[in-house]
Amino acid sequence: MEEGNLTSSDDFFIVGFSDLLQLQVPLFAALLMMYLLTMMGNLLIMAIVYYSANLHTPMYFFLTNLSFLDISYTSFIFPQMLAHFFFKGTYMSLTECLLQVYFFVFMVSTEFLLLAVMAVDRYMAICNPLHYMTIMNKAVCFQLAVGSWVVGLTDAIPHTVLMSGLSYCQSHIINHLYCDGTALMKLSCTSTHTIEVFTYVIGAFVGLMPFVLIITTYIKIISTVLQIQSPEGRRKAFSTCASHLTVVILFYGSVCTTYMRPTSSYSIKENKILSLSYIIVTPLCNPIIYSLKNTEFKNALKKATHKFKIGNLQW
């Protein structure tokens, strides 16, 4: 499609994978399978935690929040990505684009905060076990979770408002998988300096500060674990943290590599590939990482499977 055909339109054309005609079928099949597995894995975690009384703990409460968040932002973006294969790209109005930008910023910010809250929970469980359930009671856990969601919702508002003030007088073709904020800024014929500065400042607050908190808590956790005399105790303590730390590395690595850099170094192909890592790979890996590394969850899954089999036989 010629760029000139879109310069007078208010709509944006999202290219998606329409420029990779020879890979359309295998890409669609692979991405659809990954999406379905992501939905199944995260829904399974939420269901097992809900029906297993022994998993009604702060750690699993925050994990269900993370699973719900992964389902939400994957479902918000992924169906449109799959539609690219049928329509050779899709059109979105500026309002729809800004709405997608808003929800993406909101969900990424919320995940930063939830990961930090989960690190604090692990710190309290390992470094202050005698007072863990008193400090991390239901009210505190609820407030921390709600606070993460509210800050994420609030954080996305000024970013989206600033984006809405941009003018687009050139191409309206976004060569990305969805209406990405960075890709949208590249099309603007007005200065995006204010938005970039704002992104770095807010990124430092919502992304960097939680990351520093995570690192600080894990330094203290590791110091405490190394003082445990029992090898089995050390192994169990490390295993409960390994899953969370792996997810932190995956998520922070992909998001920061993509967004915490100037638009001048923006690469279409790189950003397309990197975007898949936090849109689908990380949400897909989260259930696998937590279920494979966690004995409690595996035992609860076995019990649930056993009950399901018995129920079917009785029926």
# chains A, B, ... in the order shown; residues from 1 in each chain; ligands from 1

$ residues_around --residues "Ile215 (chain A)" --least-positions-apart "3" --cutoff "12 Å" --atoms "only C-alpha atoms" --output "list of chain:residue names"
A:Leu115, A:Ala116, A:Ala119, A:Val120, A:Tyr123, A:Leu208, A:Met209, A:Pro210, A:Phe211, A:Val212, A:Tyr218, A:Ile219, A:Lys220, A:Ile221, A:Ile222, A:His244, A:Leu245, A:Val248, A:Ile249

$ write_last_selection --atoms "N, CA and C atoms" --output "compact mmCIF listing (two decimals), in the first residue's frame"
# COMPACT_ATOMS: atom_id res chain seq x y z
N LEU A 115 5.33 -6.86 40.44
CA LEU A 115 6.56 -7.62 40.60
C LEU A 115 7.35 -7.14 41.83
N ALA A 116 7.32 -5.82 42.08
CA ALA A 116 7.98 -5.27 43.26
C ALA A 116 7.27 -5.72 44.54
N ALA A 119 8.17 -9.19 45.35
CA ALA A 119 9.52 -9.27 45.93
C ALA A 119 9.49 -8.94 47.42
N VAL A 120 8.71 -7.92 47.78
CA VAL A 120 8.57 -7.55 49.19
C VAL A 120 7.92 -8.70 49.97
N TYR A 123 10.50 -11.24 50.62
CA TYR A 123 11.41 -10.73 51.65
C TYR A 123 10.83 -10.93 53.04
N LEU A 208 12.00 2.04 37.33
CA LEU A 208 13.32 1.92 37.96
C LEU A 208 13.23 1.76 39.47
N MET A 209 12.37 2.55 40.11
CA MET A 209 12.25 2.46 41.57
C MET A 209 11.80 1.07 42.04
N PRO A 210 10.78 0.47 41.41
CA PRO A 210 10.43 -0.90 41.77
C PRO A 210 11.58 -1.88 41.53
N PHE A 211 12.34 -1.65 40.44
CA PHE A 211 13.47 -2.53 40.15
C PHE A 211 14.54 -2.44 41.24
N VAL A 212 14.83 -1.20 41.68
CA VAL A 212 15.79 -1.01 42.77
C VAL A 212 15.29 -1.69 44.03
N TYR A 218 16.23 -8.66 47.25
CA TYR A 218 16.88 -9.94 46.94
C TYR A 218 18.29 -10.01 47.51
N ILE A 219 18.94 -8.88 47.63
CA ILE A 219 20.26 -8.88 48.30
C ILE A 219 20.09 -9.32 49.76
N LYS A 220 19.06 -8.78 50.40
CA LYS A 220 18.79 -9.15 51.79
C LYS A 220 18.30 -10.59 51.90
N ILE A 221 17.50 -11.03 50.93
CA ILE A 221 17.00 -12.40 50.93
C ILE A 221 18.15 -13.39 50.81
N ILE A 222 19.04 -13.14 49.84
CA ILE A 222 20.18 -14.03 49.62
C ILE A 222 21.07 -14.07 50.85
N HIS A 244 10.13 -16.05 40.67
CA HIS A 244 9.84 -14.61 40.61
C HIS A 244 10.99 -13.85 39.97
N LEU A 245 12.20 -14.18 40.35
CA LEU A 245 13.37 -13.47 39.81
C LEU A 245 13.51 -13.71 38.30
N VAL A 248 11.01 -11.48 36.58
CA VAL A 248 11.48 -10.10 36.65
C VAL A 248 12.50 -9.83 35.54
N ILE A 249 13.46 -10.73 35.39
CA ILE A 249 14.51 -10.56 34.38
C ILE A 249 13.91 -10.55 32.98

$ residues_around --residues "region 98-110 of chain A" --least-positions-apart "6" --cutoff "8 Å" --atoms "only C-alpha atoms" --output "list in words"
Leu69, Tyr73, Phe76, Ile77, Ser148, Trp149, Val151, Gly152, Leu153, Thr154, Asp155, Ala156, Ile157, His159, Thr160, Met163, Ser164, Cys179, Asp180, Gly181, Val206 and Gly207 of chain A

$ write_last_selection --atoms "C-alpha atoms" --output "mmCIF file, in the first residue's frame"
data_model
loop_
_atom_site.group_PDB
_atom_site.id
_atom_site.type_symbol
_atom_site.label_atom_id
_atom_site.label_comp_id
_atom_site.auth_asym_id
_atom_site.auth_seq_id
_atom_site.Cartn_x
_atom_site.Cartn_y
_atom_site.Cartn_z
ATOM 1 C CA LEU A 69 -2.906 -8.865 34.225
ATOM 2 C CA TYR A 73 -3.006 -7.127 28.128
ATOM 3 C CA PHE A 76 -6.181 -6.572 24.492
ATOM 4 C CA ILE A 77 -3.459 -6.651 21.835
ATOM 5 C CA SER A 148 -0.513 -1.265 42.017
ATOM 6 C CA TRP A 149 -3.549 -1.222 39.723
ATOM 7 C CA VAL A 151 -1.011 3.725 40.101
ATOM 8 C CA GLY A 152 -0.886 1.949 36.730
ATOM 9 C CA LEU A 153 -4.237 3.448 35.726
ATOM 10 C CA THR A 154 -3.109 6.922 36.811
ATOM 11 C CA ASP A 155 0.337 6.704 35.255
ATOM 12 C CA ALA A 156 -1.076 6.071 31.780
ATOM 13 C CA ILE A 157 -3.281 9.187 31.739
ATOM 14 C CA HIS A 159 1.275 9.927 28.786
ATOM 15 C CA THR A 160 -1.823 9.405 26.639
ATOM 16 C CA MET A 163 0.337 11.729 22.805
ATOM 17 C CA SER A 164 -3.088 13.079 21.835
ATOM 18 C CA CYS A 179 -0.488 0.881 17.830
ATOM 19 C CA ASP A 180 2.807 1.285 19.661
ATOM 20 C CA GLY A 181 3.511 4.655 21.268
ATOM 21 C CA VAL A 206 7.281 3.405 37.935
ATOM 22 C CA GLY A 207 9.931 1.130 36.438
#

$ residues_around --residues "Ala145 (chain A)" --least-positions-apart "2" --cutoff "8 Å" --atoms "only C-alpha atoms" --output "list in words"
Phe62, Asn65, Leu114, Val117, Cys141, Phe142, Gln143, Gly147, Ser148 and Trp149 of chain A

$ residues_around --residues "Phe68 (chain A)" --least-positions-apart "3" --cutoff "12 Å" --atoms "only C-alpha atoms" --output "list in words"
Thr38, Met39, Met40, Gly41, Asn42, Leu43, Leu44, Ile45, Met46, Ala47, Phe61, Phe62, Leu63, Thr64, Asn65, Ile71, Ser72, Tyr73, Thr74, Ser75, Met107, Thr110, Glu111, Leu114, Ala145, Trp149, Pro283, Asn286 and Pro287 of chain A

$ closest_residue --among "A:Asn175, A:Leu27, A:Ile48, A:Phe205" --to "Asn299 (chain A)" --atoms "only C-alpha atoms"
A:Ile48

$ atom_distance --atom1 "CA of Tyr60 (chain A)" --atom2 "CA of Ser291 (chain A)"
11.4 Å

$ select_by_dssp --residues "region 42-289 of chain A" --states "strand (DSSP E)" --output "VMD selection string"
chain A and resid 90 to 93 173 to 174

$ residues_around --residues "Ile14 (chain A)" --least-positions-apart "3" --cutoff "8 Å" --atoms "only C-alpha atoms" --output "compact mmCIF listing (two decimals) with N, CA, C and O atoms, in the first residue's frame"
# COMPACT_ATOMS: atom_id res chain seq x y z
N GLY A 89 -3.09 -6.48 7.39
CA GLY A 89 -2.95 -5.24 8.13
C GLY A 89 -4.33 -4.75 8.55
O GLY A 89 -5.35 -5.18 8.00
N THR A 90 -4.39 -3.87 9.53
CA THR A 90 -5.68 -3.37 10.00
C THR A 90 -5.63 -1.85 10.16
O THR A 90 -4.56 -1.26 10.34
N TYR A 91 -6.82 -1.23 10.10
CA TYR A 91 -6.93 0.22 10.28
C TYR A 91 -7.41 0.53 11.69
O TYR A 91 -8.25 -0.18 12.25
N MET A 92 -6.88 1.61 12.28
CA MET A 92 -7.32 2.08 13.58
C MET A 92 -7.41 3.60 13.54
O MET A 92 -6.54 4.25 12.96
N ILE A 173 1.13 5.16 8.22
CA ILE A 173 1.40 3.73 8.24
C ILE A 173 2.29 3.40 9.43
O ILE A 173 3.41 3.90 9.54
N ILE A 174 1.80 2.56 10.34
CA ILE A 174 2.57 2.14 11.51
C ILE A 174 3.08 0.72 11.26
O ILE A 174 2.31 -0.24 11.28
N ASN A 175 4.36 0.63 11.00
CA ASN A 175 4.96 -0.68 10.72
C ASN A 175 5.29 -1.38 12.04
O ASN A 175 6.45 -1.49 12.45
N HIS A 176 4.24 -1.82 12.71
CA HIS A 176 4.39 -2.50 14.00
C HIS A 176 3.26 -3.50 14.14
O HIS A 176 2.41 -3.62 13.26
N LEU A 177 3.26 -4.24 15.26
CA LEU A 177 2.24 -5.27 15.48
C LEU A 177 0.96 -4.70 16.07
O LEU A 177 -0.09 -5.33 16.02
N TYR A 178 1.05 -3.52 16.66
CA TYR A 178 -0.11 -2.85 17.25
C TYR A 178 0.19 -1.36 17.26
O TYR A 178 1.22 -0.93 16.74
N CYS A 179 -0.71 -0.57 17.83
CA CYS A 179 -0.49 0.88 17.83
C CYS A 179 0.49 1.23 18.96
O CYS A 179 0.09 1.67 20.04

$ atom_distance --atom1 "CA of Thr257 (chain A)" --atom2 "CA of Ser275 (chain A)"
9.9 Å

$ closest_residue --among "A:Val25, A:Ile214, A:Leu276, A:Val15" --to "Val247 (chain A)" --atoms "only C-alpha atoms"
A:Ile214

$ closest_residue --among "A:Leu301, A:Pro129, A:Leu31, A:Phe17" --to "Ser277 (chain A)" --atoms "only C-alpha atoms"
A:Leu31

$ closest_residue --among "A:Leu36, A:Cys127, A:Ala304, A:Leu113" --to "Ser223 (chain A)" --atoms "only C-alpha atoms"
A:Cys127

$ select_by_dssp --residues "region 147-178 of chain A" --states "helix (DSSP H, G or I)" --output "JSON, numbers by chain"
{"A": [147, 148, 149, 150, 151, 152, 153, 154, 155, 156, 157, 158, 159, 160, 161, 162, 163, 164]}

$ decode --residues "region 119-136 of chain A" --atoms "N, CA and C atoms" --output "compact mmCIF listing (two decimals), in the first residue's frame"
# COMPACT_ATOMS: atom_id res chain seq x y z
N ALA A 119 8.17 -9.19 45.35
CA ALA A 119 9.52 -9.27 45.93
C ALA A 119 9.49 -8.94 47.42
N VAL A 120 8.71 -7.92 47.78
CA VAL A 120 8.57 -7.55 49.19
C VAL A 120 7.92 -8.70 49.97
N ASP A 121 6.94 -9.34 49.36
CA ASP A 121 6.29 -10.49 50.00
C ASP A 121 7.30 -11.60 50.27
N ARG A 122 8.15 -11.90 49.32
CA ARG A 122 9.18 -12.95 49.51
C ARG A 122 10.18 -12.53 50.59
N TYR A 123 10.50 -11.24 50.62
CA TYR A 123 11.41 -10.73 51.65
C TYR A 123 10.83 -10.93 53.04
N MET A 124 9.56 -10.59 53.20
CA MET A 124 8.91 -10.73 54.50
C MET A 124 8.82 -12.20 54.89
N ALA A 125 8.54 -13.08 53.94
CA ALA A 125 8.39 -14.51 54.24
C ALA A 125 9.70 -15.15 54.67
N ILE A 126 10.81 -14.71 54.07
CA ILE A 126 12.09 -15.36 54.34
C ILE A 126 12.88 -14.64 55.43
N CYS A 127 12.83 -13.32 55.42
CA CYS A 127 13.64 -12.56 56.37
C CYS A 127 12.91 -12.23 57.68
N ASN A 128 11.59 -12.33 57.68
CA ASN A 128 10.83 -12.04 58.89
C ASN A 128 9.68 -13.04 59.03
N PRO A 129 9.99 -14.34 59.04
CA PRO A 129 8.95 -15.38 58.99
C PRO A 129 8.00 -15.40 60.18
N LEU A 130 8.47 -15.03 61.38
CA LEU A 130 7.64 -15.09 62.57
C LEU A 130 6.48 -14.09 62.53
N HIS A 131 6.70 -12.97 61.84
CA HIS A 131 5.67 -11.93 61.77
C HIS A 131 5.07 -11.81 60.37
N TYR A 132 5.40 -12.77 59.50
CA TYR A 132 5.00 -12.69 58.10
C TYR A 132 3.47 -12.57 57.93
N MET A 133 2.72 -13.51 58.51
CA MET A 133 1.27 -13.51 58.32
C MET A 133 0.59 -12.34 59.03
N THR A 134 1.25 -11.81 60.07
CA THR A 134 0.68 -10.65 60.77
C THR A 134 0.85 -9.39 59.93
N ILE A 135 2.04 -9.24 59.36
CA ILE A 135 2.32 -8.05 58.54
C ILE A 135 1.60 -8.15 57.18
N MET A 136 1.75 -9.29 56.52
CA MET A 136 1.14 -9.46 55.20
C MET A 136 -0.25 -10.07 55.36
